[in-house]
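Here is protein01.csv, consisting of CSV, N, CA and C atoms:
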```
chain,number,residue,atom,x,y,z
A,1,MET,N,-1.4,47.1,-22.4
A,1,MET,CA,-0.9,47.3,-21.1
A,1,MET,C,-1.5,46.3,-20.1
A,2,LYS,N,-2.8,46.0,-20.3
A,2,LYS,CA,-3.5,45.0,-19.4
A,2,LYS,C,-2.9,43.6,-19.6
A,3,LYS,N,-2.5,43.3,-20.8
A,3,LYS,CA,-2.0,42.0,-21.1
A,3,LYS,C,-0.6,41.9,-20.5
A,4,ILE,N,0.2,42.9,-20.5
A,4,ILE,CA,1.5,42.9,-19.9
A,4,ILE,C,1.4,42.7,-18.3
A,5,LEU,N,0.5,43.5,-17.7
A,5,LEU,CA,0.3,43.3,-16.3
A,5,LEU,C,-0.2,42.0,-15.9
A,6,PHE,N,-1.2,41.4,-16.7
A,6,PHE,CA,-1.7,40.1,-16.5
A,6,PHE,C,-0.6,39.1,-16.6
A,7,SER,N,0.2,39.2,-17.7
A,7,SER,CA,1.3,38.2,-17.9
A,7,SER,C,2.3,38.3,-16.8
A,8,THR,N,2.6,39.5,-16.3
A,8,THR,CA,3.6,39.6,-15.2
A,8,THR,C,3.0,39.0,-13.9
A,9,PHE,N,1.7,39.3,-13.7
A,9,PHE,CA,1.1,38.7,-12.5
A,9,PHE,C,1.1,37.2,-12.5
A,10,LEU,N,0.7,36.7,-13.7
A,10,LEU,CA,0.6,35.2,-13.9
A,10,LEU,C,2.0,34.6,-13.7
A,11,ALA,N,3.1,35.2,-14.3
A,11,ALA,CA,4.4,34.7,-14.1
A,11,ALA,C,4.9,34.7,-12.7
A,12,LEU,N,4.6,35.8,-12.0
A,12,LEU,CA,5.0,35.9,-10.6
A,12,LEU,C,4.2,34.9,-9.7
A,13,SER,N,3.0,34.6,-10.0
A,13,SER,CA,2.2,33.7,-9.3
A,13,SER,C,2.7,32.3,-9.5
A,14,LEU,N,3.1,31.9,-10.7
A,14,LEU,CA,3.6,30.6,-11.0
A,14,LEU,C,5.0,30.4,-10.3
A,15,LEU,N,5.8,31.4,-10.4
A,15,LEU,CA,7.1,31.3,-9.7
A,15,LEU,C,6.9,31.2,-8.2
A,16,ASN,N,6.0,31.9,-7.6
A,16,ASN,CA,5.7,31.8,-6.2
A,16,ASN,C,5.2,30.3,-5.9
A,17,ASN,N,4.3,29.8,-6.6
A,17,ASN,CA,3.8,28.5,-6.4
A,17,ASN,C,4.9,27.4,-6.6
A,18,MET,N,5.8,27.6,-7.6
A,18,MET,CA,6.9,26.7,-7.8
A,18,MET,C,7.9,26.7,-6.6
A,19,ALA,N,8.1,27.9,-6.1
A,19,ALA,CA,9.0,28.0,-4.9
A,19,ALA,C,8.4,27.4,-3.7
A,20,MET,N,7.1,27.5,-3.5
A,20,MET,CA,6.4,26.9,-2.4
A,20,MET,C,6.4,25.4,-2.5
A,21,ALA,N,6.2,24.9,-3.8
A,21,ALA,CA,6.2,23.5,-4.0
A,21,ALA,C,7.6,22.8,-3.9
A,22,ALA,N,8.6,23.6,-4.1
A,22,ALA,CA,9.9,23.1,-4.1
A,22,ALA,C,10.4,22.6,-2.7
A,23,THR,N,9.9,23.2,-1.7
A,23,THR,CA,10.3,22.8,-0.3
A,23,THR,C,9.0,22.5,0.5
A,24,GLN,N,9.0,21.3,1.0
A,24,GLN,CA,7.9,20.9,1.9
A,24,GLN,C,8.5,20.4,3.2
A,25,THR,N,8.2,21.0,4.3
A,25,THR,CA,8.7,20.5,5.6
A,25,THR,C,7.5,20.3,6.5
A,26,ILE,N,7.5,19.1,7.0
A,26,ILE,CA,6.5,18.7,8.0
A,26,ILE,C,7.0,19.1,9.4
A,27,LYS,N,6.2,19.8,10.1
A,27,LYS,CA,6.5,20.2,11.5
A,27,LYS,C,5.6,19.4,12.5
A,28,ALA,N,6.1,18.6,13.3
A,28,ALA,CA,5.3,17.9,14.3
A,28,ALA,C,5.7,18.3,15.7
A,29,ASN,N,4.8,18.6,16.5
A,29,ASN,CA,5.0,18.9,18.0
A,29,ASN,C,4.8,17.5,18.7
A,30,VAL,N,5.8,17.2,19.5
A,30,VAL,CA,5.9,15.8,20.1
A,30,VAL,C,6.0,15.9,21.6
A,31,ASN,N,5.1,15.2,22.3
A,31,ASN,CA,5.2,15.0,23.7
A,31,ASN,C,6.0,13.8,24.1
A,32,GLY,N,6.7,13.8,25.2
A,32,GLY,CA,7.4,12.7,25.7
A,32,GLY,C,8.9,12.7,25.4
A,33,MET,N,9.4,13.6,24.6
A,33,MET,CA,10.8,13.7,24.3
A,33,MET,C,11.4,14.4,25.5
A,34,VAL,N,12.3,13.7,26.3
A,34,VAL,CA,12.8,14.3,27.5
A,34,VAL,C,14.4,14.3,27.5
A,35,CYS,N,15.0,13.6,26.6
A,35,CYS,CA,16.4,13.5,26.6
A,35,CYS,C,17.0,13.4,25.1
A,36,ALA,N,18.3,13.5,25.0
A,36,ALA,CA,18.9,13.5,23.7
A,36,ALA,C,18.7,12.1,23.1
A,37,PHE,N,18.7,11.1,23.9
A,37,PHE,CA,18.5,9.7,23.3
A,37,PHE,C,17.1,9.6,22.6
A,38,CYS,N,16.1,10.2,23.2
A,38,CYS,CA,14.7,10.3,22.6
A,38,CYS,C,14.8,10.9,21.3
A,39,ALA,N,15.4,12.1,21.2
A,39,ALA,CA,15.4,12.9,20.0
A,39,ALA,C,16.2,12.1,18.9
A,40,GLN,N,17.3,11.5,19.3
A,40,GLN,CA,18.2,10.8,18.4
A,40,GLN,C,17.4,9.6,17.8
A,41,GLY,N,16.6,8.9,18.6
A,41,GLY,CA,15.8,7.8,18.2
A,41,GLY,C,14.8,8.2,17.1
A,42,ILE,N,14.1,9.3,17.4
A,42,ILE,CA,13.1,9.8,16.4
A,42,ILE,C,13.8,10.2,15.1
A,43,GLU,N,14.9,10.9,15.3
A,43,GLU,CA,15.6,11.4,14.1
A,43,GLU,C,16.1,10.2,13.2
A,44,LYS,N,16.6,9.2,13.8
A,44,LYS,CA,17.1,8.0,13.1
A,44,LYS,C,15.9,7.3,12.3
A,45,LYS,N,14.8,7.2,13.0
A,45,LYS,CA,13.7,6.5,12.3
A,45,LYS,C,13.1,7.3,11.1
A,46,VAL,N,13.0,8.6,11.3
A,46,VAL,CA,12.5,9.5,10.3
A,46,VAL,C,13.5,9.7,9.1
A,47,ARG,N,14.8,9.8,9.4
A,47,ARG,CA,15.8,9.9,8.4
A,47,ARG,C,15.8,8.7,7.5
A,48,ALA,N,15.4,7.5,8.0
A,48,ALA,CA,15.5,6.3,7.2
A,48,ALA,C,14.4,6.2,6.1
A,49,LEU,N,13.4,7.1,6.2
A,49,LEU,CA,12.3,7.1,5.2
A,49,LEU,C,12.9,7.6,3.9
A,50,PRO,N,12.5,6.9,2.8
A,50,PRO,CA,13.0,7.3,1.4
A,50,PRO,C,12.6,8.7,1.0
A,51,GLN,N,11.5,9.3,1.5
A,51,GLN,CA,11.1,10.6,1.1
A,51,GLN,C,11.8,11.7,1.8
A,52,THR,N,12.6,11.4,2.8
A,52,THR,CA,13.2,12.4,3.7
A,52,THR,C,14.5,13.0,3.1
A,53,GLN,N,14.5,14.3,3.0
A,53,GLN,CA,15.7,15.0,2.6
A,53,GLN,C,16.6,15.4,3.8
A,54,ASP,N,15.9,15.9,4.9
A,54,ASP,CA,16.6,16.3,6.1
A,54,ASP,C,15.7,16.2,7.3
A,55,VAL,N,16.3,16.1,8.5
A,55,VAL,CA,15.5,16.0,9.7
A,55,VAL,C,16.2,16.9,10.7
A,56,TYR,N,15.3,17.5,11.5
A,56,TYR,CA,15.8,18.3,12.7
A,56,TYR,C,14.9,18.1,13.8
A,57,VAL,N,15.5,17.8,15.0
A,57,VAL,CA,14.7,17.6,16.2
A,57,VAL,C,15.2,18.6,17.2
A,58,ASN,N,14.3,19.4,17.8
A,58,ASN,CA,14.6,20.3,18.8
A,58,ASN,C,14.0,19.8,20.1
A,59,LEU,N,14.8,19.4,21.0
A,59,LEU,CA,14.4,18.8,22.2
A,59,LEU,C,13.7,19.8,23.1
A,60,LYS,N,14.3,21.0,23.2
A,60,LYS,CA,13.7,22.0,24.1
A,60,LYS,C,12.3,22.4,23.7
A,61,GLN,N,12.1,22.6,22.4
A,61,GLN,CA,10.8,23.0,21.8
A,61,GLN,C,9.9,21.8,21.6
A,62,ARG,N,10.4,20.6,21.7
A,62,ARG,CA,9.7,19.3,21.4
A,62,ARG,C,9.1,19.3,20.0
A,63,VAL,N,10.0,19.6,19.0
A,63,VAL,CA,9.5,19.7,17.6
A,63,VAL,C,10.4,18.8,16.8
A,64,VAL,N,9.7,18.2,15.8
A,64,VAL,CA,10.4,17.4,14.8
A,64,VAL,C,10.1,18.0,13.5
A,65,LEU,N,11.1,18.3,12.7
A,65,LEU,CA,11.0,18.8,11.3
A,65,LEU,C,11.5,17.8,10.3
A,66,VAL,N,10.7,17.5,9.3
A,66,VAL,CA,11.0,16.6,8.3
A,66,VAL,C,10.9,17.3,6.9
A,67,GLU,N,12.1,17.6,6.3
A,67,GLU,CA,12.1,18.2,5.0
A,67,GLU,C,12.0,17.1,4.0
A,68,LEU,N,11.1,17.2,3.0
A,68,LEU,CA,10.9,16.1,2.0
A,68,LEU,C,11.8,16.4,0.8
A,69,LYS,N,12.2,15.3,0.1
A,69,LYS,CA,12.9,15.4,-1.1
A,69,LYS,C,11.9,16.0,-2.2
A,70,GLU,N,12.5,16.7,-3.1
A,70,GLU,CA,11.7,17.4,-4.2
A,70,GLU,C,10.8,16.3,-4.9
A,71,GLY,N,9.5,16.6,-5.0
A,71,GLY,CA,8.6,15.7,-5.7
A,71,GLY,C,8.1,14.6,-4.8
A,72,GLN,N,8.5,14.5,-3.6
A,72,GLN,CA,8.1,13.4,-2.7
A,72,GLN,C,7.0,13.9,-1.8
A,73,THR,N,6.2,13.0,-1.3
A,73,THR,CA,5.1,13.3,-0.4
A,73,THR,C,5.2,12.3,0.8
A,74,LEU,N,4.7,12.7,1.9
A,74,LEU,CA,4.6,11.9,3.1
A,74,LEU,C,3.4,12.3,3.9
A,75,SER,N,2.5,11.4,4.2
A,75,SER,CA,1.3,11.8,4.9
A,75,SER,C,1.5,12.1,6.3
A,76,PHE,N,0.7,12.9,6.9
A,76,PHE,CA,0.8,13.3,8.3
A,76,PHE,C,0.6,12.0,9.1
A,77,ASP,N,-0.3,11.1,8.7
A,77,ASP,CA,-0.5,9.9,9.4
A,77,ASP,C,0.7,9.0,9.5
A,78,SER,N,1.5,9.0,8.4
A,78,SER,CA,2.7,8.2,8.4
A,78,SER,C,3.7,8.7,9.4
A,79,VAL,N,3.8,10.0,9.5
A,79,VAL,CA,4.7,10.6,10.4
A,79,VAL,C,4.3,10.4,11.9
A,80,LYS,N,3.0,10.6,12.1
A,80,LYS,CA,2.4,10.4,13.4
A,80,LYS,C,2.6,8.9,13.9
A,81,ASP,N,2.3,8.0,12.9
A,81,ASP,CA,2.5,6.6,13.3
A,81,ASP,C,3.9,6.2,13.6
A,82,LEU,N,4.8,6.7,12.8
A,82,LEU,CA,6.3,6.5,13.1
A,82,LEU,C,6.7,7.0,14.4
A,83,ILE,N,6.3,8.2,14.8
A,83,ILE,CA,6.6,8.8,16.1
A,83,ILE,C,5.9,8.1,17.2
A,84,LYS,N,4.7,7.7,17.0
A,84,LYS,CA,3.9,6.9,18.0
A,84,LYS,C,4.6,5.6,18.2
A,85,ASP,N,5.0,4.9,17.2
A,85,ASP,CA,5.7,3.6,17.3
A,85,ASP,C,7.0,3.7,18.1
A,86,ALA,N,7.6,4.9,18.0
A,86,ALA,CA,8.8,5.1,18.8
A,86,ALA,C,8.5,5.4,20.3
A,87,GLY,N,7.2,5.6,20.6
A,87,GLY,CA,6.8,5.8,22.0
A,87,GLY,C,6.5,7.2,22.4
A,88,TYR,N,6.2,8.0,21.4
A,88,TYR,CA,5.9,9.4,21.7
A,88,TYR,C,4.5,9.8,21.1
A,89,ASP,N,4.0,10.9,21.6
A,89,ASP,CA,2.7,11.4,21.1
A,89,ASP,C,2.9,12.7,20.2
A,90,VAL,N,2.2,12.7,19.1
A,90,VAL,CA,2.2,13.9,18.3
A,90,VAL,C,1.0,14.8,18.7
A,91,THR,N,1.3,16.0,19.2
A,91,THR,CA,0.1,16.8,19.6
A,91,THR,C,-0.4,17.7,18.5
A,92,SER,N,0.4,18.0,17.5
A,92,SER,CA,0.0,18.8,16.3
A,92,SER,C,1.0,18.5,15.2
A,93,ILE,N,0.5,18.7,14.0
A,93,ILE,CA,1.3,18.5,12.8
A,93,ILE,C,0.8,19.5,11.7
A,94,GLU,N,1.8,20.0,11.0
A,94,GLU,CA,1.4,20.9,9.9
A,94,GLU,C,2.5,20.9,8.8
A,95,MET,N,2.2,21.5,7.7
A,95,MET,CA,3.2,21.6,6.6
A,95,MET,C,3.7,23.0,6.5
A,96,SER,N,4.9,23.1,6.2
A,96,SER,CA,5.6,24.4,6.0
A,96,SER,C,6.2,24.5,4.6
A,97,SER,N,6.3,25.6,4.0
A,97,SER,CA,6.9,25.8,2.7
A,97,SER,C,8.4,26.2,2.9
A,98,HIS,N,8.8,26.4,4.2
A,98,HIS,CA,10.2,26.8,4.5
A,98,HIS,C,11.1,25.6,4.6
A,99,PRO,N,12.4,25.7,4.2
A,99,PRO,CA,13.3,24.6,4.4
A,99,PRO,C,13.7,24.5,5.8
A,100,ILE,N,14.2,23.4,6.2
A,100,ILE,CA,14.6,23.2,7.6
A,100,ILE,C,15.6,24.2,8.1
A,101,ALA,N,16.6,24.6,7.3
A,101,ALA,CA,17.6,25.6,7.7
A,101,ALA,C,16.9,26.9,8.2
A,102,HIS,N,15.8,27.3,7.5
A,102,HIS,CA,15.1,28.5,7.9
A,102,HIS,C,14.4,28.3,9.3
A,103,LEU,N,13.7,27.2,9.4
A,103,LEU,CA,12.9,26.9,10.6
A,103,LEU,C,13.9,26.6,11.8
A,104,LYS,N,15.0,25.9,11.5
A,104,LYS,CA,15.9,25.7,12.5
A,104,LYS,C,16.5,26.9,13.1
A,105,ALA,N,16.8,27.9,12.3
A,105,ALA,CA,17.3,29.2,12.8
A,105,ALA,C,16.3,29.9,13.7
A,106,ASP,N,15.0,29.8,13.3
A,106,ASP,CA,14.0,30.4,14.1
A,106,ASP,C,13.9,29.7,15.5
A,107,PHE,N,14.0,28.4,15.5
A,107,PHE,CA,13.9,27.7,16.8
A,107,PHE,C,15.1,28.0,17.7
A,108,GLU,N,16.3,28.0,17.1
A,108,GLU,CA,17.5,28.2,17.8
A,108,GLU,C,17.6,29.6,18.4
A,109,ALA,N,17.0,30.6,17.6
A,109,ALA,CA,17.0,31.9,18.1
A,109,ALA,C,16.0,32.0,19.3
A,110,GLY,N,14.9,31.3,19.2
A,110,GLY,CA,14.0,31.2,20.3
A,110,GLY,C,14.6,30.6,21.6
A,111,ASP,N,15.4,29.5,21.4
A,111,ASP,CA,16.1,28.9,22.5
A,111,ASP,C,17.0,29.9,23.1
A,112,ASN,N,17.8,30.6,22.3
A,112,ASN,CA,18.7,31.6,22.9
A,112,ASN,C,18.0,32.7,23.7
A,113,VAL,N,16.9,33.2,23.2
A,113,VAL,CA,16.2,34.2,23.9
A,113,VAL,C,15.6,33.7,25.2
A,114,LYS,N,15.1,32.5,25.2
A,114,LYS,CA,14.6,31.9,26.5
A,114,LYS,C,15.7,31.6,27.4
A,115,GLY,N,16.8,31.2,26.9
A,115,GLY,CA,18.0,30.9,27.7
A,115,GLY,C,18.6,32.1,28.4
A,116,SER,N,18.5,33.2,27.7
A,116,SER,CA,19.1,34.5,28.2
A,116,SER,C,18.2,35.1,29.2
A,117,ALA,N,16.9,34.7,29.3
A,117,ALA,CA,16.0,35.3,30.2
A,117,ALA,C,16.1,34.7,31.6
A,118,LYS,N,16.9,33.6,31.7
A,118,LYS,CA,17.0,32.9,33.0
A,118,LYS,C,17.9,33.6,33.9
```
Please express what this file holds, its structure, as structure tokens.
Amino acid sequence: MKKILFSTFLALSLLNNMAMAATQTIKANVNGMVCAFCAQGIEKKVRALPQTQDVYVNLKQRVVLVELKEGQTLSFDSVKDLIKDAGYDVTSIEMSSHPIAHLKADFEAGDNVKGSAK
């Protein structure tokens, strides 16, 4: 019985780790983005990277999300440098195991809530 429980636990742990490793999204908070042109410029630069699967820029939240292709890596410093070269400051950066679609829905739901409070 202990072997079955251990095997089940091990299998679930491996599946969880595989799911987490399958999607890597970098989330950068950016200062200085004030217009759609700013957001579009950052998105174009980041999308041109070979490691990039998808990009989402939320101007209201001042967030840039970069979803990486499976098996690809991209250092935080590379993202920071790219955004800094475009003329903006990265105030924080982190890795998420969620795909852009999930994070985008969260941001847009937050925009709608803030918009309805006005």
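Picture a line from atom CA of A:Asp77 to atom N of A:Leu65; it runs 14.7 Å.
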> Skipping near chain neighbours, those fewer than 5 positions away, what residues fall within 7 Å of A:Asn31 using all atoms listed in the file, listed as an NGL selection string?
Replying inline: :A and (62 or 87-91)
Just write the chosen residues, N, CA and C atoms, as a compact mmCIF listing (two decimals), in the frame of the given file.
```
# COMPACT_ATOMS: atom_id res chain seq x y z
N ARG A 62 10.40 20.60 21.70
CA ARG A 62 9.70 19.30 21.40
C ARG A 62 9.10 19.30 20.00
N GLY A 87 7.20 5.60 20.60
CA GLY A 87 6.80 5.80 22.00
C GLY A 87 6.50 7.20 22.40
N TYR A 88 6.20 8.00 21.40
CA TYR A 88 5.90 9.40 21.70
C TYR A 88 4.50 9.80 21.10
N ASP A 89 4.00 10.90 21.60
CA ASP A 89 2.70 11.40 21.10
C ASP A 89 2.90 12.70 20.20
N VAL A 90 2.20 12.70 19.10
CA VAL A 90 2.20 13.90 18.30
C VAL A 90 1.00 14.80 18.70
N THR A 91 1.30 16.00 19.20
CA THR A 91 0.10 16.80 19.60
C THR A 91 -0.40 17.70 18.50
```
> What residues in stretch 7-83 of chain A get the DSSP label helix (DSSP H, G or I)? Please answer as a ChimeraX atom specification.
Replying inline: /A:7-22,36-47,76-83
>> For a test of reading the model, state the distance in Å between atom CA of A:Glu94 and atom CA of A:Leu59, rounded to one decimal.
In response: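 Interatomic distance, atom CA of A:Glu94 to atom CA of A:Leu59: 18.0 Å.
Taking atom C of A:Leu82 and atom CA of A:Ala109 as the two end points, the separation is 27.2 Å.
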List as a PDB file with N, CA and C atoms, keeping the file's coordinate frame the protein and nucleic acid residues near A:Gln61, meaning an atom at most 9 Å away when only C-alpha atoms are counted, but skip any in the same chain fewer than 5 places from it.
```pdb
ATOM      1  N   ASN A  29       4.800  18.600  16.500  1.00  0.00           N
ATOM      2  CA  ASN A  29       5.000  18.900  18.000  1.00  0.00           C
ATOM      3  C   ASN A  29       4.800  17.500  18.700  1.00  0.00           C
ATOM      4  N   VAL A  30       5.800  17.200  19.500  1.00  0.00           N
ATOM      5  CA  VAL A  30       5.900  15.800  20.100  1.00  0.00           C
ATOM      6  C   VAL A  30       6.000  15.900  21.600  1.00  0.00           C
ATOM      7  N   PHE A 107      14.000  28.400  15.500  1.00  0.00           N
ATOM      8  CA  PHE A 107      13.900  27.700  16.800  1.00  0.00           C
ATOM      9  C   PHE A 107      15.100  28.000  17.700  1.00  0.00           C
ATOM     10  N   GLY A 110      14.900  31.300  19.200  1.00  0.00           N
ATOM     11  CA  GLY A 110      14.000  31.200  20.300  1.00  0.00           C
ATOM     12  C   GLY A 110      14.600  30.600  21.600  1.00  0.00           C
ATOM     13  N   ASP A 111      15.400  29.500  21.400  1.00  0.00           N
ATOM     14  CA  ASP A 111      16.100  28.900  22.500  1.00  0.00           C
ATOM     15  C   ASP A 111      17.000  29.900  23.100  1.00  0.00           C
TER      16      ASP A 111
END
```
